[in-house]
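What's in data_15.txt: compact mmCIF, C-alpha atoms and all ligand atoms
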# COMPACT_ATOMS: atom_id res chain seq x y z
CA MET R 1 51.30 54.83 163.92
CA ASN R 2 55.03 55.42 163.69
CA GLU R 3 56.55 58.35 161.80
CA ILE R 4 57.61 56.32 158.75
CA ALA R 5 54.11 54.92 158.28
CA ARG R 6 52.69 58.43 158.56
CA ILE R 7 55.14 59.78 156.00
CA THR R 8 54.18 57.16 153.43
CA ASP R 9 50.50 57.59 154.26
CA PHE R 10 50.75 61.31 153.46
CA ASP R 11 50.68 62.39 149.82
CA VAL R 12 50.95 66.15 149.50
CA LYS R 13 49.28 66.01 146.08
CA ASP R 14 46.01 65.03 147.78
CA TYR R 15 45.91 68.49 149.36
CA LEU R 16 47.02 70.65 146.45
CA ARG R 17 45.18 72.40 143.64
CA LEU R 18 47.12 70.55 140.99
CA HIS R 19 45.51 72.53 138.17
CA LEU R 20 47.54 75.54 139.42
CA MET R 21 50.84 73.71 138.94
CA PRO R 22 53.58 74.46 138.18
CA HIS R 23 53.76 76.72 141.22
CA PHE R 24 55.37 80.15 141.04
CA MET R 25 58.08 79.62 143.68
CA CYS R 26 61.75 79.82 142.73
CA PRO R 27 63.71 76.55 142.83
CA GLY R 28 64.81 75.85 146.40
CA CYS R 29 62.53 78.41 148.06
CA GLY R 30 61.90 77.39 151.66
CA HIS R 31 58.24 78.43 151.41
CA GLY R 32 57.54 75.09 149.67
CA ILE R 33 58.79 73.14 152.69
CA ALA R 34 56.60 75.27 154.95
CA LEU R 35 53.59 74.54 152.73
CA ARG R 36 54.28 70.82 152.75
CA SER R 37 54.78 70.77 156.54
CA LEU R 38 51.46 72.54 157.08
CA LEU R 39 49.62 70.08 154.85
CA TRP R 40 51.32 67.16 156.56
CA ALA R 41 50.12 68.52 159.93
CA VAL R 42 46.59 68.91 158.54
CA HIS R 43 46.73 65.32 157.32
CA ASP R 44 48.00 63.98 160.66
CA LEU R 45 45.28 65.84 162.53
CA GLY R 46 42.63 64.51 160.15
CA ILE R 47 41.17 67.97 159.58
CA ASP R 48 38.25 68.00 157.15
CA ARG R 49 39.26 70.42 154.38
CA ASN R 50 35.72 71.79 154.27
CA ARG R 51 36.35 73.05 157.78
CA LEU R 52 39.85 74.34 157.07
CA ALA R 53 40.34 78.00 156.16
CA ILE R 54 43.72 79.33 155.07
CA VAL R 55 44.10 83.11 155.09
CA SER R 56 47.15 84.77 153.56
CA GLY R 57 48.34 88.28 152.76
CA ILE R 58 50.33 89.51 149.76
CA GLY R 59 53.88 88.31 149.14
CA CYS R 60 55.53 85.09 148.02
CA SER R 61 54.29 83.77 151.38
CA GLY R 62 50.80 84.98 150.51
CA ARG R 63 50.74 82.99 147.30
CA VAL R 64 51.50 79.78 149.19
CA GLY R 65 47.92 79.51 150.48
CA ALA R 66 46.45 79.55 146.99
CA TYR R 67 47.80 76.07 146.24
CA ILE R 68 45.90 74.46 149.12
CA ASP R 69 42.71 72.65 148.18
CA ALA R 70 40.58 74.01 151.04
CA ASN R 71 38.84 77.32 151.78
CA THR R 72 41.54 79.88 150.94
CA TYR R 73 41.48 83.66 151.19
CA HIS R 74 44.15 85.88 149.67
CA THR R 75 43.78 89.17 151.52
CA THR R 76 45.59 92.50 151.39
CA HIS R 77 49.22 92.88 152.46
CA GLY R 78 49.45 93.04 156.26
CA ARG R 79 45.81 92.22 156.86
CA PRO R 80 45.42 88.42 156.99
CA LEU R 81 45.13 88.42 160.80
CA ALA R 82 42.41 91.09 160.72
CA PHE R 83 40.48 89.11 158.09
CA ALA R 84 41.01 85.84 159.96
CA THR R 85 39.72 87.41 163.19
CA GLY R 86 36.39 88.25 161.55
CA LEU R 87 36.19 84.85 159.91
CA LYS R 88 36.88 82.92 163.11
CA LEU R 89 34.42 85.00 165.13
CA ALA R 90 31.72 84.37 162.53
CA ARG R 91 32.61 80.68 162.04
CA PRO R 92 34.13 79.29 165.25
CA ASP R 93 33.71 75.77 163.84
CA LEU R 94 36.50 76.38 161.29
CA THR R 95 40.18 75.70 161.82
CA VAL R 96 41.70 78.98 160.67
CA VAL R 97 45.38 79.15 159.73
CA VAL R 98 47.05 82.39 158.68
CA ILE R 99 50.12 82.32 156.44
CA ALA R 100 52.01 85.60 156.55
CA GLY R 101 55.43 86.85 155.48
CA ASP R 102 57.77 88.61 157.88
CA GLY R 103 57.08 91.96 156.16
CA ASP R 104 53.37 91.18 156.08
CA CYS R 105 53.26 90.19 159.76
CA LEU R 106 55.83 92.46 161.42
CA ALA R 107 55.98 95.63 159.30
CA ILE R 108 52.68 96.70 157.74
CA GLY R 109 50.76 94.11 159.79
CA GLY R 110 52.69 94.49 163.05
CA ASN R 111 49.82 96.22 164.78
CA HIS R 112 47.42 93.41 163.88
CA LEU R 113 49.90 90.86 165.18
CA ILE R 114 50.26 92.41 168.63
CA HIS R 115 46.51 92.74 169.04
CA ALA R 116 45.88 89.19 167.80
CA CYS R 117 48.37 88.01 170.45
CA ARG R 118 46.69 90.12 173.12
CA ARG R 119 43.17 89.01 172.16
CA ASN R 120 43.92 85.27 172.14
CA LEU R 121 41.32 84.21 169.58
CA ASP R 122 41.82 80.58 168.49
CA LEU R 123 43.85 81.20 165.32
CA THR R 124 47.17 79.77 164.17
CA CYS R 125 49.57 82.21 162.53
CA LEU R 126 52.50 80.83 160.54
CA MET R 127 54.97 83.61 159.86
CA LEU R 128 57.27 82.55 157.03
CA ASN R 129 60.45 84.39 157.89
CA ASN R 130 62.79 84.60 154.92
CA GLU R 131 64.31 87.80 156.36
CA ILE R 132 63.42 89.88 153.31
CA TYR R 133 60.61 91.21 151.12
CA GLY R 134 60.80 88.46 148.52
CA MET R 135 57.97 89.31 146.16
CA THR R 136 58.87 92.96 145.64
CA GLY R 137 62.54 92.43 144.84
CA GLY R 138 64.36 92.06 148.12
CA GLN R 139 63.89 95.14 150.31
CA VAL R 140 64.95 95.08 153.97
CA SER R 141 62.40 93.67 156.42
CA PRO R 142 62.10 93.89 160.22
CA THR R 143 63.78 90.49 160.48
CA THR R 144 66.69 91.05 158.09
CA ALA R 145 69.79 90.08 160.06
CA ALA R 146 72.33 92.75 160.91
CA THR R 147 74.84 93.55 158.16
CA ARG R 148 72.93 91.60 155.48
CA VAL R 149 72.71 93.14 152.03
CA THR R 150 69.28 93.88 150.55
CA SER R 151 68.16 96.09 147.68
CA THR R 152 67.49 98.92 150.17
CA THR R 153 70.54 98.25 152.36
CA PRO R 154 73.30 97.87 149.77
CA SER R 155 75.98 98.53 152.37
CA GLY R 156 74.48 96.13 154.92
CA ASN R 157 71.51 96.36 157.25
CA ALA R 158 72.20 98.60 160.25
CA GLU R 159 68.81 98.23 161.95
CA PRO R 160 68.26 95.98 164.97
CA THR R 161 66.21 92.90 164.16
CA PHE R 162 62.94 91.82 165.72
CA ASP R 163 62.85 88.57 167.63
CA ALA R 164 59.28 87.85 166.53
CA CYS R 165 58.77 85.10 169.11
CA LYS R 166 59.72 87.35 172.01
CA LEU R 167 57.42 90.01 170.61
CA ALA R 168 54.51 87.57 170.32
CA ASP R 169 55.10 86.23 173.82
CA ALA R 170 55.29 89.71 175.32
CA ALA R 171 52.10 90.74 173.50
CA GLY R 172 50.20 87.83 175.05
CA ALA R 173 50.22 84.97 172.52
CA SER R 174 49.34 81.85 174.48
CA PHE R 175 51.44 79.59 172.22
CA VAL R 176 54.74 80.60 170.63
CA GLY R 177 57.10 78.42 168.64
CA ARG R 178 59.83 78.53 166.05
CA GLU R 179 61.23 75.96 163.67
CA VAL R 180 63.52 75.85 160.66
CA THR R 181 62.54 74.31 157.31
CA ARG R 182 65.58 72.02 157.60
CA GLN R 183 63.59 70.10 160.22
CA ALA R 184 60.37 69.39 158.30
CA PRO R 185 59.09 66.63 160.64
CA ALA R 186 59.73 68.85 163.68
CA LEU R 187 58.07 71.74 161.88
CA LYS R 188 55.07 69.56 161.10
CA ASN R 189 54.81 68.52 164.77
CA LEU R 190 55.10 72.13 165.93
CA ILE R 191 52.33 73.20 163.53
CA LYS R 192 50.16 70.34 164.82
CA SER R 193 50.63 71.48 168.42
CA ALA R 194 49.89 75.07 167.39
CA ILE R 195 46.67 74.09 165.61
CA GLU R 196 45.59 71.93 168.56
CA HIS R 197 46.26 74.77 171.00
CA ASP R 198 43.11 76.52 172.23
CA GLY R 199 43.97 80.19 171.73
CA PHE R 200 46.23 82.30 169.53
CA SER R 201 49.29 80.38 168.38
CA PHE R 202 52.24 82.02 166.66
CA VAL R 203 54.81 79.94 164.79
CA GLU R 204 57.85 81.52 163.21
CA VAL R 205 59.06 79.37 160.32
CA MET R 206 62.62 80.18 159.27
CA THR R 207 62.56 79.75 155.48
CA ASP R 208 65.08 80.59 152.77
CA CYS R 209 64.69 83.08 149.95
CA THR R 210 67.32 81.50 147.74
CA GLU R 211 66.85 83.74 144.72
CA ILE R 212 67.20 87.13 146.39
CA TYR R 213 68.46 86.97 150.00
CA GLY R 214 70.74 84.05 149.23
CA ARG R 215 72.13 85.54 146.04
CA LYS R 216 72.69 89.04 147.43
CA ASN R 217 74.52 87.68 150.46
CA ASP R 218 76.51 84.89 148.74
CA LEU R 219 74.84 82.26 150.88
CA GLY R 220 75.00 79.60 148.17
CA GLU R 221 72.20 77.57 146.69
CA SER R 222 69.29 76.04 148.56
CA PRO R 223 71.23 73.06 150.02
CA GLU R 224 73.88 75.37 151.49
CA MET R 225 71.25 77.70 152.91
CA ILE R 226 69.30 74.85 154.45
CA LEU R 227 72.45 73.26 155.89
CA SER R 228 73.46 76.56 157.48
CA GLN R 229 70.23 76.52 159.51
CA LYS R 230 71.84 73.84 161.64
CA CYS R 231 74.39 76.28 163.08
CA ASP R 232 71.60 78.68 163.91
CA MET R 233 69.38 76.53 166.04
CA VAL R 234 69.15 75.26 169.57
CA PRO R 235 66.49 72.54 169.73
CA ASP R 236 63.78 72.33 172.30
CA GLY R 237 62.89 75.68 173.36
CA LEU R 238 63.00 78.49 175.70
CA GLY R 239 65.92 79.52 177.78
CA ASN R 240 68.57 78.20 175.44
CA ALA R 241 69.08 81.21 173.26
CA PRO R 242 71.53 83.76 174.57
CA ASP R 243 70.36 87.36 174.62
CA GLN R 244 71.37 89.02 171.36
CA PRO R 245 70.60 92.49 170.14
CA PHE R 246 70.09 91.31 166.58
CA ARG R 247 68.77 88.02 165.21
CA PRO R 248 69.33 85.46 167.94
CA ASN R 249 72.13 83.12 166.97
CA PRO R 250 71.85 80.36 167.91
CA MET R 251 68.07 80.47 167.68
CA ALA R 252 65.87 78.57 170.08
CA THR R 253 63.44 76.26 168.26
CA GLY R 254 60.45 74.20 169.30
CA ILE R 255 57.68 75.37 171.61
CA LEU R 256 59.04 78.55 173.23
CA ALA R 257 56.05 79.58 175.33
CA ARG R 258 52.68 78.15 176.29
CA HIS R 259 50.28 79.95 178.63
CA ALA R 260 46.78 79.07 179.82
CA ARG R 261 44.59 82.06 178.96
CA PRO R 262 40.86 82.43 178.23
CA GLU R 263 40.11 82.00 174.52
CA TYR R 264 38.58 85.20 173.18
CA GLY R 265 35.86 83.69 170.98
CA ARG R 266 34.28 81.77 173.84
CA THR R 267 34.56 84.72 176.22
CA TYR R 268 32.92 86.96 173.61
CA ARG R 269 30.06 84.54 172.91
CA ASP R 270 29.48 83.89 176.64
CA ARG R 271 29.26 87.61 177.35
CA ALA R 272 26.88 88.13 174.44
CA ALA R 273 24.69 85.26 175.71
CA ASP R 274 24.68 86.75 179.24
CA LEU R 275 23.65 90.11 177.85
CA ARG R 276 20.84 88.55 175.79
CA ALA R 277 19.62 86.64 178.87
CA GLU R 278 19.72 89.82 180.94
CA LYS R 279 17.62 91.66 178.37
CA GLY R 280 15.25 88.69 177.97
CA ARG R 281 16.10 88.10 174.29
C1 LIG R 301 49.30 97.86 151.14
C2 LIG R 301 50.44 97.30 150.35
N1 LIG R 301 51.68 97.80 150.55
C3 LIG R 301 52.72 97.29 149.86
C4 LIG R 301 52.51 96.30 148.94
C5 LIG R 301 53.67 95.78 148.13
N2 LIG R 301 54.12 94.48 148.61
C6 LIG R 301 53.68 93.32 148.05
S1 LIG R 301 54.40 91.98 148.70
C7 LIG R 301 55.33 92.97 149.74
C8 LIG R 301 56.36 92.39 150.68
C9 LIG R 301 56.33 90.94 150.83
O1 LIG R 301 57.30 90.56 151.78
P1 LIG R 301 56.96 89.55 152.91
O2 LIG R 301 55.69 89.88 153.57
O3 LIG R 301 58.15 89.43 153.81
O4 LIG R 301 56.72 88.19 152.10
P2 LIG R 301 57.66 87.37 151.08
O5 LIG R 301 57.36 87.88 149.71
O6 LIG R 301 59.07 87.61 151.47
O7 LIG R 301 57.25 85.96 151.29
C10 LIG R 301 55.05 94.31 149.58
C11 LIG R 301 55.70 95.41 150.33
C12 LIG R 301 51.20 95.80 148.77
N3 LIG R 301 50.94 94.80 147.93
N4 LIG R 301 50.19 96.32 149.48
S1 LIG R 302 61.69 85.48 145.55
FE1 LIG R 302 62.49 84.39 147.35
S2 LIG R 302 60.72 84.09 148.71
FE2 LIG R 302 59.95 84.58 146.65
S3 LIG R 302 59.60 82.59 145.66
FE3 LIG R 302 61.65 83.27 145.08
S4 LIG R 302 63.01 82.33 146.60
FE4 LIG R 302 60.92 82.24 147.42

Once more with this new file: its structure as structure tokens, please.
Ligand SMILES: Cc1ncc(C[n+]2csc(CCOP(=O)(O)OP(=O)(O)O)c2C)c(N)n1
Ligand code: SF4
Amino acid sequence: MNEIARITDFDVKDYLRLHLMPHFMCPGCGHGIALRSLLWAVHDLGIDRNRLAIVSGIGCSGRVGAYIDANTYHTTHGRPLAFATGLKLARPDLTVVVIAGDGDCLAIGGNHLIHACRRNLDLTCLMLNNEIYGMTGGQVSPTTAATRVTSTTPSGNAEPTFDACKLADAAGASFVGREVTRQAPALKNLIKSAIEHDGFSFVEVMTDCTEIYGRKNDLGESPEMILSQKCDMVPDGLGNAPDQPFRPNPMATGILARHARPEYGRTYRDRAADLRAEKGR
């Protein structure tokens, strides 16, 4: 089926809890495009929603999961990966997708992220990177770009910025990718590849917090913010982004790393079966 046919075949409303509408997101918030791209990927892959589990933390990003008409879990801030790990180990038949914010995933939940990467359980983590703590009023986050103004850095952020994809790759994630919300079809395809990947997949989604980050930094309205993503990106992956101490600019997008590594869930179950056989149980 070509892309146009697939677009018309996909109706996001089929996958939403419409009784929760209108949603809480500010006009122009990039999180909505991320949500739509995820559901489009789920549709393309033909995933049965009874076997789809969405786990999110606290934050504007965390609220995104609640609108999906599937099994959804709204967990504590920073802990969606820990919760998802238990869920996937108990129910390996489920497709488990984590939606986390950049604060959720890299600050309070940073430890869980590095160990999820190292462990390589078959989970997909979508980190919605709006470069700020959106829900709590715009405090600095580990991905806030250098010199940007936030409510806790009124004179401009002086801290170096995490390149989350390099971090995930170094920690052992077997699939790493990044995409911008400007490129929704490419984002959908990246999410599909991440879900299909057998192991831990990390996808950084560059989204826009129009109401807080955009306003504080005079970045314009949503169209201007989305258009500016074009200057920031280098399509098709690894090796294109020059080394930068702060947020990489231009940013490499697409699949940035893919490694063949044993999937943790299978290894764990095989070892448990061996042990049971050894003990005659
Ligand atoms: C344990 C804990 N610490 C702090 C908070 C307060 N809190 C709620 S959301 C949030 C930050 C959200 O930022 P981010 O994860 O980047 O997501 P966004 O809202 O930007 O999508 C914080 C600090 C909390 N709810 N729980
Ligand atoms: S505060 Fe920012 S991240 Fe949160 S819904 Fe509004 S625009 Fe989106």

_Which residues are near ligand LIG 302 (chain R) - at most 6 Å, using all atoms listed in the file? Format: as a list of chain:residue names._
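Result of the 6 Å neighbour search around ligand LIG 302 (chain R): R:Met25, R:Cys26, R:Cys29, R:Cys60, R:Gly134, R:Met135, R:Cys209, R:Thr210, R:Glu211, R:Ile212.
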
Keeping C-alpha atoms, export the residues of the selection given above as a short mmCIF file (atom, residue, chain, number, x, y, z; two decimals), keeping the file's coordinate frame.
data_model
loop_
_atom_site.label_atom_id
_atom_site.label_comp_id
_atom_site.auth_asym_id
_atom_site.auth_seq_id
_atom_site.Cartn_x
_atom_site.Cartn_y
_atom_site.Cartn_z
CA MET R 25 58.08 79.62 143.68
CA CYS R 26 61.75 79.82 142.73
CA CYS R 29 62.53 78.41 148.06
CA CYS R 60 55.53 85.09 148.02
CA GLY R 134 60.80 88.46 148.52
CA MET R 135 57.97 89.31 146.16
CA CYS R 209 64.69 83.08 149.95
CA THR R 210 67.32 81.50 147.74
CA GLU R 211 66.85 83.74 144.72
CA ILE R 212 67.20 87.13 146.39
#

*Can you pull out every residue within 12 Å of region 38-44 of chain R, counting only C-alpha atoms, but drop anything in the same chain fewer than 4 positions away, and send it as a PyMOL selection string?*
chain R and resi 1-3+5-16+31-34+48-49+51-54+64-65+67-70+95-99+124-128+181+184-196+203+205

Dump of C-alpha atoms for the selected residues, as an mmCIF file, in the frame of the given file:
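Saved to out_15.cif:
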data_model
loop_
_atom_site.group_PDB
_atom_site.id
_atom_site.type_symbol
_atom_site.label_atom_id
_atom_site.label_comp_id
_atom_site.auth_asym_id
_atom_site.auth_seq_id
_atom_site.Cartn_x
_atom_site.Cartn_y
_atom_site.Cartn_z
ATOM 1 C CA MET R 1 51.300 54.830 163.920
ATOM 2 C CA ASN R 2 55.030 55.420 163.690
ATOM 3 C CA GLU R 3 56.550 58.350 161.800
ATOM 4 C CA ALA R 5 54.110 54.920 158.280
ATOM 5 C CA ARG R 6 52.690 58.430 158.560
ATOM 6 C CA ILE R 7 55.140 59.780 156.000
ATOM 7 C CA THR R 8 54.180 57.160 153.430
ATOM 8 C CA ASP R 9 50.500 57.590 154.260
ATOM 9 C CA PHE R 10 50.750 61.310 153.460
ATOM 10 C CA ASP R 11 50.680 62.390 149.820
ATOM 11 C CA VAL R 12 50.950 66.150 149.500
ATOM 12 C CA LYS R 13 49.280 66.010 146.080
ATOM 13 C CA ASP R 14 46.010 65.030 147.780
ATOM 14 C CA TYR R 15 45.910 68.490 149.360
ATOM 15 C CA LEU R 16 47.020 70.650 146.450
ATOM 16 C CA HIS R 31 58.240 78.430 151.410
ATOM 17 C CA GLY R 32 57.540 75.090 149.670
ATOM 18 C CA ILE R 33 58.790 73.140 152.690
ATOM 19 C CA ALA R 34 56.600 75.270 154.950
ATOM 20 C CA ASP R 48 38.250 68.000 157.150
ATOM 21 C CA ARG R 49 39.260 70.420 154.380
ATOM 22 C CA ARG R 51 36.350 73.050 157.780
ATOM 23 C CA LEU R 52 39.850 74.340 157.070
ATOM 24 C CA ALA R 53 40.340 78.000 156.160
ATOM 25 C CA ILE R 54 43.720 79.330 155.070
ATOM 26 C CA VAL R 64 51.500 79.780 149.190
ATOM 27 C CA GLY R 65 47.920 79.510 150.480
ATOM 28 C CA TYR R 67 47.800 76.070 146.240
ATOM 29 C CA ILE R 68 45.900 74.460 149.120
ATOM 30 C CA ASP R 69 42.710 72.650 148.180
ATOM 31 C CA ALA R 70 40.580 74.010 151.040
ATOM 32 C CA THR R 95 40.180 75.700 161.820
ATOM 33 C CA VAL R 96 41.700 78.980 160.670
ATOM 34 C CA VAL R 97 45.380 79.150 159.730
ATOM 35 C CA VAL R 98 47.050 82.390 158.680
ATOM 36 C CA ILE R 99 50.120 82.320 156.440
ATOM 37 C CA THR R 124 47.170 79.770 164.170
ATOM 38 C CA CYS R 125 49.570 82.210 162.530
ATOM 39 C CA LEU R 126 52.500 80.830 160.540
ATOM 40 C CA MET R 127 54.970 83.610 159.860
ATOM 41 C CA LEU R 128 57.270 82.550 157.030
ATOM 42 C CA THR R 181 62.540 74.310 157.310
ATOM 43 C CA ALA R 184 60.370 69.390 158.300
ATOM 44 C CA PRO R 185 59.090 66.630 160.640
ATOM 45 C CA ALA R 186 59.730 68.850 163.680
ATOM 46 C CA LEU R 187 58.070 71.740 161.880
ATOM 47 C CA LYS R 188 55.070 69.560 161.100
ATOM 48 C CA ASN R 189 54.810 68.520 164.770
ATOM 49 C CA LEU R 190 55.100 72.130 165.930
ATOM 50 C CA ILE R 191 52.330 73.200 163.530
ATOM 51 C CA LYS R 192 50.160 70.340 164.820
ATOM 52 C CA SER R 193 50.630 71.480 168.420
ATOM 53 C CA ALA R 194 49.890 75.070 167.390
ATOM 54 C CA ILE R 195 46.670 74.090 165.610
ATOM 55 C CA GLU R 196 45.590 71.930 168.560
ATOM 56 C CA VAL R 203 54.810 79.940 164.790
ATOM 57 C CA VAL R 205 59.060 79.370 160.320
#

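Computed from the coordinates, the CA of Ile132 (chain R) to CA of Arg118 (chain R) distance equals 25.9 Å.
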
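With all atoms listed in the file as the atoms that count, the minimum distance from ligand LIG 301 (chain R) to the choices R:Tyr213, R:Phe162, R:Phe175, R:Tyr73 is reached by R:Tyr213.
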
*For each of R:Gly78, R:Gly86, R:Gly172, R:Pro22, take the minimum atom-to-atom distance to ligand LIG 301 (chain R), counting only C-alpha atoms and all ligand atoms, then give the residue where this is smallest.*
R:Gly78

*May I have the residues within 10 Å of ligand LIG 301 (chain R), computed using all atoms listed in the file, as a VMD selection string?*
chain R and resid 25 29 to 31 56 to 64 75 to 79 99 to 109 127 to 144 207 to 209 212 to 213

_So that I can check the surroundings of Cys165 (chain R), please list as an NGL selection string every protein, DNA and RNA residue that reaches within 8 Å of it, counting only C-alpha atoms and ignoring chain neighbours fewer than 5 positions away._
:R and (176-178 or 202-204 or 256)

*CA of His74 (chain R) to CA of Ser222 (chain R): how many Å, to one decimal?*
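Taking CA of His74 (chain R) as the start and CA of Ser222 (chain R) as the end point, the length is 27.0 Å.
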
*If you measure from CA of Lys279 (chain R) to CA of Thr267 (chain R), what distance in Å do you get, rounded to one decimal?*
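Between CA of Lys279 (chain R) and CA of Thr267 (chain R) the gap works out to 18.4 Å.
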
*Pick the closest to Met251 (chain R) from R:Glu179, R:Asp93, R:Asp198, R:Asp122: which is it, counting only C-alpha atoms?*
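Of R:Glu179, R:Asp93, R:Asp198, R:Asp122, the one nearest Met251 (chain R), counting only C-alpha atoms, is R:Glu179.
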
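If you measure from each of R:Ala158, R:Ala90, R:Ala145, R:Ala82 to His115 (chain R) using only C-alpha atoms, the closest one turns out to be R:Ala82.
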
Leaving out Met233 (chain R) and any residue of its chain fewer than 5 positions from it, which residues lie within 7 Å of it when counting all atoms listed in the file, given as a short mmCIF file (atom, residue, chain, number, x, y, z; two decimals) with C-alpha atoms, keeping the file's coordinate frame?
data_model
loop_
_atom_site.label_atom_id
_atom_site.label_comp_id
_atom_site.auth_asym_id
_atom_site.auth_seq_id
_atom_site.Cartn_x
_atom_site.Cartn_y
_atom_site.Cartn_z
CA PRO R 250 71.85 80.36 167.91
CA MET R 251 68.07 80.47 167.68
CA ALA R 252 65.87 78.57 170.08
CA THR R 253 63.44 76.26 168.26
#

*asked:* Let me make sure I understand: among R:Thr152, R:Asn111, R:Gln183, R:Asn217, which one has the smallest atom-to-atom distance to Leu167 (chain R) if we use all atoms listed in the file?
replied: R:Asn111

*Among listed residues R:Arg91, R:His23, R:Arg36, R:Arg17, nearest Gly265 (chain R) (using all atoms listed in the file)*: R:Arg91

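The residue set within 12 Å of Ala260 (chain R), counting all atoms listed in the file and dropping same-chain residues fewer than 3 places from it, reads Asn120, Gly172, Ala173, Ser174, Phe175, His197, Asp198, Gly199, Phe200, Ser201, Ala257 and Glu263 of chain R.
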